[in-house]
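A.B. asks: Pasting my_file04.txt below, which is compact mmCIF, C-alpha atoms.
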```
# COMPACT_ATOMS: atom_id res chain seq x y z
CA MET A 6 -116.62 167.20 -61.71
CA LYS A 7 -115.01 163.78 -61.39
CA ILE A 8 -111.24 163.95 -61.95
CA SER A 9 -109.52 160.60 -62.58
CA PHE A 10 -105.73 160.39 -62.58
CA LEU A 11 -105.25 157.43 -64.91
CA GLY A 12 -101.49 157.87 -65.32
CA THR A 13 -99.10 159.68 -62.96
CA GLY A 14 -95.63 159.00 -64.35
CA ALA A 15 -93.28 161.09 -66.47
CA ALA A 16 -92.24 160.13 -70.01
CA GLU A 17 -90.29 157.01 -69.03
CA GLY A 18 -92.89 155.62 -66.62
CA VAL A 19 -92.17 154.01 -63.24
CA PRO A 20 -90.37 151.65 -63.40
CA ALA A 21 -88.64 153.26 -66.36
CA MET A 22 -88.89 151.17 -69.51
CA PHE A 23 -85.18 150.76 -70.20
CA CYS A 24 -83.74 151.39 -66.73
CA SER A 25 -81.94 148.86 -64.55
CA CYS A 26 -81.27 151.08 -61.51
CA GLN A 27 -81.91 149.63 -58.07
CA PHE A 28 -85.16 151.55 -57.61
CA CYS A 29 -86.68 150.43 -60.91
CA ASN A 30 -85.67 146.83 -60.28
CA GLU A 31 -87.31 146.98 -56.85
CA ILE A 32 -90.50 148.46 -58.28
CA ARG A 33 -90.69 145.72 -60.93
CA LYS A 34 -90.93 143.20 -58.10
CA SER A 35 -93.81 145.11 -56.51
CA ASP A 36 -97.48 144.95 -57.44
CA PHE A 37 -99.33 147.25 -59.83
CA SER A 38 -100.10 149.78 -57.10
CA GLU A 39 -96.48 150.96 -57.31
CA TYR A 40 -96.41 151.33 -61.10
CA ARG A 41 -96.83 154.73 -62.74
CA THR A 42 -97.91 154.93 -66.36
CA ARG A 43 -97.72 158.00 -68.56
CA SER A 44 -99.78 161.07 -67.63
CA GLN A 45 -103.51 161.21 -68.36
CA VAL A 46 -106.40 162.91 -66.56
CA LEU A 47 -110.01 162.04 -67.39
CA ILE A 48 -112.78 164.46 -66.42
CA ASP A 49 -116.37 163.24 -66.09
CA GLY A 50 -115.57 160.34 -68.38
CA LYS A 51 -115.88 162.54 -71.45
CA LEU A 52 -113.00 165.05 -71.43
CA SER A 53 -109.39 163.87 -71.33
CA VAL A 54 -106.30 165.96 -70.73
CA ASP A 55 -103.68 164.22 -72.87
CA PHE A 56 -103.81 160.77 -74.42
CA PRO A 57 -100.59 158.79 -73.86
CA PRO A 58 -99.47 155.42 -75.28
CA ASP A 59 -100.82 153.89 -72.06
CA ALA A 60 -104.40 155.08 -72.69
CA TYR A 61 -105.52 151.60 -73.79
CA ALA A 62 -104.03 150.05 -70.66
CA HIS A 63 -105.87 152.69 -68.61
CA SER A 64 -109.15 151.63 -70.19
CA LEU A 65 -108.51 148.00 -69.20
CA ARG A 66 -107.36 148.67 -65.67
CA TYR A 67 -109.68 151.51 -64.64
CA GLY A 68 -112.67 151.03 -66.91
CA ALA A 69 -112.20 154.23 -68.89
CA ASP A 70 -114.78 154.09 -71.71
CA TYR A 71 -113.30 156.03 -74.62
CA SER A 72 -116.43 155.53 -76.70
CA SER A 73 -117.87 158.24 -74.41
CA LEU A 74 -114.89 160.56 -74.94
CA GLU A 75 -116.05 163.78 -76.58
CA TYR A 76 -113.18 166.20 -75.97
CA LEU A 77 -109.41 165.88 -75.75
CA LEU A 78 -107.20 168.72 -74.51
CA VAL A 79 -103.58 168.07 -75.49
CA THR A 80 -100.83 169.90 -73.64
CA HIS A 81 -98.18 169.35 -76.30
CA SER A 82 -97.06 166.97 -79.03
CA HIS A 83 -94.55 164.85 -77.09
CA MET A 84 -95.29 161.15 -77.45
CA ASP A 85 -95.92 160.54 -73.75
CA HIS A 86 -98.78 163.05 -73.83
CA PHE A 87 -100.22 162.51 -77.30
CA TYR A 88 -100.12 159.09 -79.00
CA ALA A 89 -102.09 160.02 -82.11
CA HIS A 90 -101.77 156.71 -83.94
CA ASP A 91 -104.50 155.14 -81.79
CA PHE A 92 -107.16 157.32 -83.37
CA ILE A 93 -107.14 155.35 -86.63
CA LEU A 94 -109.03 152.72 -84.59
CA ARG A 95 -111.92 155.04 -83.76
CA GLY A 96 -114.42 153.60 -86.24
CA TYR A 97 -114.66 151.26 -89.26
CA LYS A 98 -114.48 147.60 -88.13
CA TYR A 99 -112.54 148.57 -85.03
CA ALA A 100 -115.27 150.45 -83.15
CA SER A 101 -119.05 150.94 -83.31
CA LEU A 102 -119.57 154.61 -82.50
CA ILE A 103 -122.51 155.52 -84.78
CA GLY A 104 -121.11 158.89 -85.81
CA ARG A 105 -120.02 160.16 -82.40
CA LYS A 106 -117.71 163.14 -82.75
CA LEU A 107 -114.38 163.68 -80.99
CA CYS A 108 -112.85 167.17 -80.84
CA ILE A 109 -109.11 167.35 -80.18
CA TYR A 110 -107.69 170.68 -79.02
CA GLY A 111 -103.98 171.45 -79.16
CA ASN A 112 -101.27 173.59 -80.69
CA GLU A 113 -100.06 173.50 -84.28
CA GLU A 114 -97.51 170.77 -83.55
CA VAL A 115 -100.27 168.58 -82.13
CA ASN A 116 -102.14 169.01 -85.40
CA LYS A 117 -99.02 168.12 -87.40
CA VAL A 118 -98.34 165.02 -85.28
CA PHE A 119 -101.95 163.89 -85.69
CA CYS A 120 -101.71 164.24 -89.47
CA GLU A 121 -98.33 162.50 -89.65
CA CYS A 122 -99.26 159.57 -87.42
CA THR A 123 -102.60 158.86 -89.07
CA ALA A 124 -101.66 159.58 -92.71
CA ARG A 125 -101.05 155.96 -93.76
CA GLU A 126 -103.97 154.21 -92.07
CA MET A 127 -106.72 156.74 -91.39
CA ARG A 128 -109.94 155.95 -93.27
CA GLY A 129 -112.17 158.73 -94.47
CA ASP A 130 -115.20 157.48 -92.56
CA VAL A 131 -113.16 157.50 -89.35
CA ALA A 132 -111.59 160.91 -90.00
CA GLU A 133 -114.95 162.59 -90.56
CA ASN A 134 -115.84 162.04 -86.90
CA ILE A 135 -112.57 163.48 -85.52
CA GLU A 136 -111.83 167.19 -85.61
CA VAL A 137 -108.52 168.74 -84.58
CA LYS A 138 -108.84 172.36 -83.52
CA VAL A 139 -105.66 174.43 -83.22
CA VAL A 140 -105.69 176.70 -80.17
CA ARG A 141 -103.29 179.25 -78.72
CA ALA A 142 -102.53 180.42 -75.21
CA PHE A 143 -104.59 183.08 -73.44
CA LYS A 144 -107.88 182.09 -75.06
CA GLN A 145 -111.29 181.27 -73.60
CA LEU A 146 -113.15 178.36 -75.18
CA VAL A 147 -116.62 176.95 -74.77
CA ILE A 148 -116.42 173.18 -75.18
CA GLY A 149 -119.80 171.55 -74.66
CA ASP A 150 -120.82 172.55 -71.15
CA TYR A 151 -117.23 173.33 -70.13
CA ARG A 152 -115.50 176.70 -70.04
CA VAL A 153 -111.80 176.31 -70.81
CA LEU A 154 -108.99 178.83 -70.42
CA THR A 155 -105.69 178.15 -72.19
CA LEU A 156 -102.31 179.14 -70.75
CA PRO A 157 -98.73 178.80 -72.02
CA ALA A 158 -96.65 176.09 -70.41
CA ASN A 159 -93.01 176.72 -69.56
CA HIS A 160 -91.83 173.67 -71.49
CA GLY A 161 -89.22 174.68 -74.04
CA THR A 162 -89.29 176.73 -77.24
CA ALA A 163 -89.90 174.07 -79.89
CA GLU A 164 -93.67 174.54 -79.62
CA GLU A 165 -96.23 176.47 -77.61
CA ALA A 166 -97.13 173.85 -75.01
CA LEU A 167 -100.38 174.55 -73.20
CA LEU A 168 -101.96 174.36 -69.76
CA TYR A 169 -105.69 174.32 -69.10
CA TYR A 170 -108.28 175.60 -66.65
CA VAL A 171 -111.53 173.64 -67.00
CA GLU A 172 -114.79 174.79 -65.41
CA ARG A 173 -118.24 173.22 -65.26
CA GLN A 174 -121.27 174.14 -63.17
CA GLY A 175 -119.27 176.47 -60.97
CA LYS A 176 -116.44 174.02 -60.26
CA GLY A 177 -112.93 174.72 -61.53
CA TYR A 178 -109.98 172.44 -62.28
CA LEU A 179 -106.51 173.89 -63.06
CA HIS A 180 -104.11 171.54 -64.86
CA LEU A 181 -100.46 172.64 -64.49
CA CYS A 182 -98.64 169.56 -65.74
CA ASP A 183 -95.45 169.23 -67.81
CA THR A 184 -94.31 172.75 -67.13
CA GLY A 185 -91.87 174.82 -65.18
CA ALA A 186 -92.86 177.94 -63.28
CA LEU A 187 -96.11 179.69 -64.20
CA SER A 188 -95.72 183.19 -65.62
CA ASP A 189 -97.16 186.29 -63.93
CA LYS A 190 -99.18 186.92 -67.08
CA SER A 191 -100.80 183.50 -66.76
CA VAL A 192 -101.82 184.13 -63.16
CA GLU A 193 -103.22 187.52 -64.17
CA PHE A 194 -105.13 185.98 -67.08
CA LEU A 195 -106.76 183.45 -64.75
CA ALA A 196 -107.75 186.16 -62.29
CA GLU A 197 -109.05 188.51 -64.99
CA ASN A 198 -111.25 185.71 -66.34
CA SER A 199 -112.70 184.86 -62.91
CA ALA A 200 -111.05 181.45 -62.64
CA LYS A 201 -111.71 179.83 -59.25
CA ALA A 202 -109.81 176.59 -58.81
CA ASP A 203 -111.34 173.95 -56.56
CA LEU A 204 -108.54 171.57 -57.56
CA VAL A 205 -105.04 172.30 -58.89
CA THR A 206 -102.80 169.63 -60.36
CA PHE A 207 -99.07 170.38 -60.23
CA ASP A 208 -96.25 168.93 -62.27
CA CYS A 209 -93.97 167.52 -59.56
CA THR A 210 -91.53 165.60 -61.73
CA PHE A 211 -88.66 166.04 -59.26
CA LEU A 212 -90.75 165.55 -56.08
CA ASP A 213 -88.59 167.01 -53.25
CA ALA A 214 -85.33 167.27 -55.22
CA VAL A 215 -84.16 170.68 -56.41
CA PRO A 216 -84.22 170.85 -60.23
CA ARG A 217 -81.56 172.47 -62.35
CA ALA A 218 -82.07 176.12 -63.29
CA GLY A 219 -84.16 176.60 -66.42
CA THR A 220 -85.78 173.16 -66.26
CA ARG A 221 -89.12 172.42 -67.92
CA HIS A 222 -90.54 170.71 -64.84
CA MET A 223 -91.08 171.40 -61.15
CA CYS A 224 -90.45 170.14 -57.64
CA ILE A 225 -92.68 170.49 -54.56
CA GLU A 226 -91.12 173.81 -53.52
CA ASP A 227 -91.89 175.23 -56.98
CA ASN A 228 -95.47 173.99 -56.54
CA MET A 229 -95.77 175.78 -53.20
CA GLU A 230 -94.61 179.05 -54.74
CA ILE A 231 -97.28 178.81 -57.44
CA LYS A 232 -99.86 177.95 -54.77
CA ARG A 233 -98.92 181.15 -52.93
CA ARG A 234 -99.29 183.23 -56.10
CA LEU A 235 -102.63 181.66 -57.04
CA MET A 236 -104.00 182.39 -53.58
CA GLN A 237 -102.68 185.94 -53.66
CA ALA A 238 -104.47 186.47 -56.99
CA GLY A 239 -107.73 184.98 -55.73
CA VAL A 240 -107.61 182.06 -58.17
CA ALA A 241 -107.25 179.65 -55.23
CA ASP A 242 -108.36 179.95 -51.62
CA GLY A 243 -108.38 178.02 -48.35
CA ASN A 244 -110.76 175.43 -49.77
CA THR A 245 -108.69 174.63 -52.85
CA ARG A 246 -107.16 171.16 -52.97
CA TYR A 247 -103.81 170.40 -54.62
CA VAL A 248 -102.52 167.27 -56.34
CA ILE A 249 -98.92 166.50 -57.30
CA THR A 250 -98.23 164.14 -60.20
CA HIS A 251 -96.02 163.39 -63.27
CA PHE A 252 -93.19 161.79 -61.28
CA SER A 253 -89.87 160.76 -62.78
CA HIS A 254 -88.32 157.48 -61.68
CA ASN A 255 -85.22 159.52 -60.74
CA CYS A 256 -86.98 160.90 -57.65
CA ARG A 257 -87.80 157.36 -56.44
CA PRO A 258 -91.57 157.97 -56.28
CA SER A 259 -92.76 154.96 -54.32
CA ARG A 260 -96.27 155.29 -52.92
CA GLU A 261 -94.84 155.58 -49.41
CA ARG A 262 -92.34 158.29 -50.30
CA VAL A 263 -94.83 160.36 -52.28
CA GLU A 264 -97.31 160.13 -49.39
CA GLN A 265 -94.65 161.31 -46.94
CA VAL A 266 -93.83 164.38 -49.06
CA SER A 267 -97.53 165.05 -49.67
CA GLU A 268 -98.39 164.98 -45.97
CA SER A 269 -95.52 167.34 -45.19
CA TYR A 270 -96.81 169.92 -47.69
CA GLY A 271 -100.55 169.44 -47.31
CA VAL A 272 -101.21 168.15 -50.82
CA LEU A 273 -102.54 164.93 -52.37
CA GLY A 274 -99.97 162.63 -53.94
CA ALA A 275 -101.52 161.16 -57.07
CA TYR A 276 -101.26 157.48 -57.91
CA ASP A 277 -102.52 155.65 -60.98
CA GLY A 278 -106.28 155.25 -60.73
CA MET A 279 -106.86 157.93 -58.09
CA THR A 280 -110.15 159.84 -58.40
CA VAL A 281 -111.07 163.19 -56.84
CA GLU A 282 -114.51 164.80 -57.02
CA ILE A 283 -115.09 168.56 -56.80
```
Kindly transcribe the structure held in the file into structure tokens.

C.D. replies:
Amino acid sequence: MKISFLGTGAAEGVPAMFCSCQFCNEIRKSDFSEYRTRSQVLIDGKLSVDFPPDAYAHSLRYGADYSSLEYLLVTHSHMDHFYAHDFILRGYKYASLIGRKLCIYGNEEVNKVFCECTAREMRGDVAENIEVKVVRAFKQLVIGDYRVLTLPANHGTAEEALLYYVERQGKGYLHLCDTGALSDKSVEFLAENSAKADLVTFDCTFLDAVPRAGTRHMCIEDNMEIKRRLMQAGVADGNTRYVITHFSHNCRPSRERVEQVSESYGVLGAYDGMTVEI
């Protein structure tokens, strides 16, 4: 599987859209290699985990061809992870797709947001080639030639945010982004369903800062605790690679600083446009 990290920033991006702190002002003077757009992971060019407002910019900068996108796994309905309005452009005079289908998987709030955002401008001939499928946590799905396991994210109570394990041809990718600590039940579910992660992506919103109790995101020490539990359960092993991503501007995630933390903990620090193959 080819895993492309198209966006590696938290909701506000880096530099943050409305921020005038010293760090953001310094980053604005840097080149694009220091910028972090909103989170998106593209697998094999045809399965995306989340679809942020920056998805169009990702297609321009990294050559992502969304006409080949067949499946979209949405973690939750927040705007920085699911910008549904763009899908009104998937057909009619805006795009020549010749009936190619797109299946969007997400919770009930994702379905509601899709309906709300597309209600005024969605044409029937565009809608007929997009299907939104509502899914719950602790399910196993067959999506094309992918096996997908769904897990609950620790990301508030307003909706059941989701995490995903994606497997194809014996290779496994575990996406743990926009979440706090992983529950014991989730680790058990992965183990019981023979999940073997070759690559794990961690939410590392706070980088090496210690988050407040009860937060919906993680820092590197939280990531290391989950790594320990995954290895103990046999979901990960000595060959598993780990990526940290989804950085807030508050942790000052310059490329240099992220690389320093990554080297200290033996993980890969994601940057916009980074690709890993498993």

A.B. asks: At a cut-off of 12 Å around the point (-94.1, 150.6, -71.5) (file coordinates), what residues fall inside when counting only C-alpha atoms? I'd like the answer as a list in words.

C.D. replies: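 In the file's frame, the residues around the point are Gly14, Ala15, Ala16, Glu17, Gly18, Val19, Pro20, Ala21, Met22, Phe23, Cys24, Tyr40, Arg41, Thr42, Arg43, Pro57, Pro58, Asp59, Ala60, Tyr61, Ala62 and Asp85 of chain A.
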
A.B. asks: Skip region 154-166 of chain A itself and residues of its chain fewer than 4 positions away, then list as a ChimeraX atom specification all residues within 10 Å of it, counting all atoms listed in the file.

C.D. replies: /A:78-83,111-115,140-147,170-172,179-188,190-192,194-195,198,200,219-222

A.B. asks: For Leu235 (chain A), work out the shell of residues within 9 Å, counting all atoms listed in the file and skipping chain neighbours fewer than 5 positions away, then give it as JSON, numbers by chain.

C.D. replies: {"A": [192, 195, 196, 202, 230, 240, 241, 242]}

A.B. asks: Hey, can you check how far CA of Thr123 (chain A) sits from CA of Phe92 (chain A)?

C.D. replies: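 Going from CA of Thr123 (chain A) over to CA of Phe92 (chain A), I get 7.5 Å.
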
A.B. asks: Have a look at CA of Arg128 (chain A) and CA of Leu11 (chain A) and let me know their distance in Å, one decimal.

C.D. replies: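 That distance, rounded to one decimal, is 28.8 Å.
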
A.B. asks: Rank nothing, just name the residue among A:Ala89, A:Ile32, A:Val248, A:Leu65 nearest to Arg260 (chain A), using only C-alpha atoms.

C.D. replies: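 Closest candidate: A:Ile32.
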
A.B. asks: Could you check the closest approach to Val205 (chain A) for each of A:Met236, A:Cys256, A:Thr245, A:Met229 and tell me which residue wins, using only C-alpha atoms?

C.D. replies: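 Closest to Val205 (chain A) of all the choices is A:Thr245.
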
A.B. asks: Looking at only C-alpha atoms, which of A:Cys224, A:Pro216, A:Glu133, A:Val281 is the one that sits closest to Val263 (chain A)?

C.D. replies: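 Smallest distance to Val263 (chain A) is found for A:Cys224.
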
A.B. asks: Just give me the gap between CA of Leu94 (chain A) and CA of Val139 (chain A) in Å, one decimal is fine.

C.D. replies: 22.0 Å
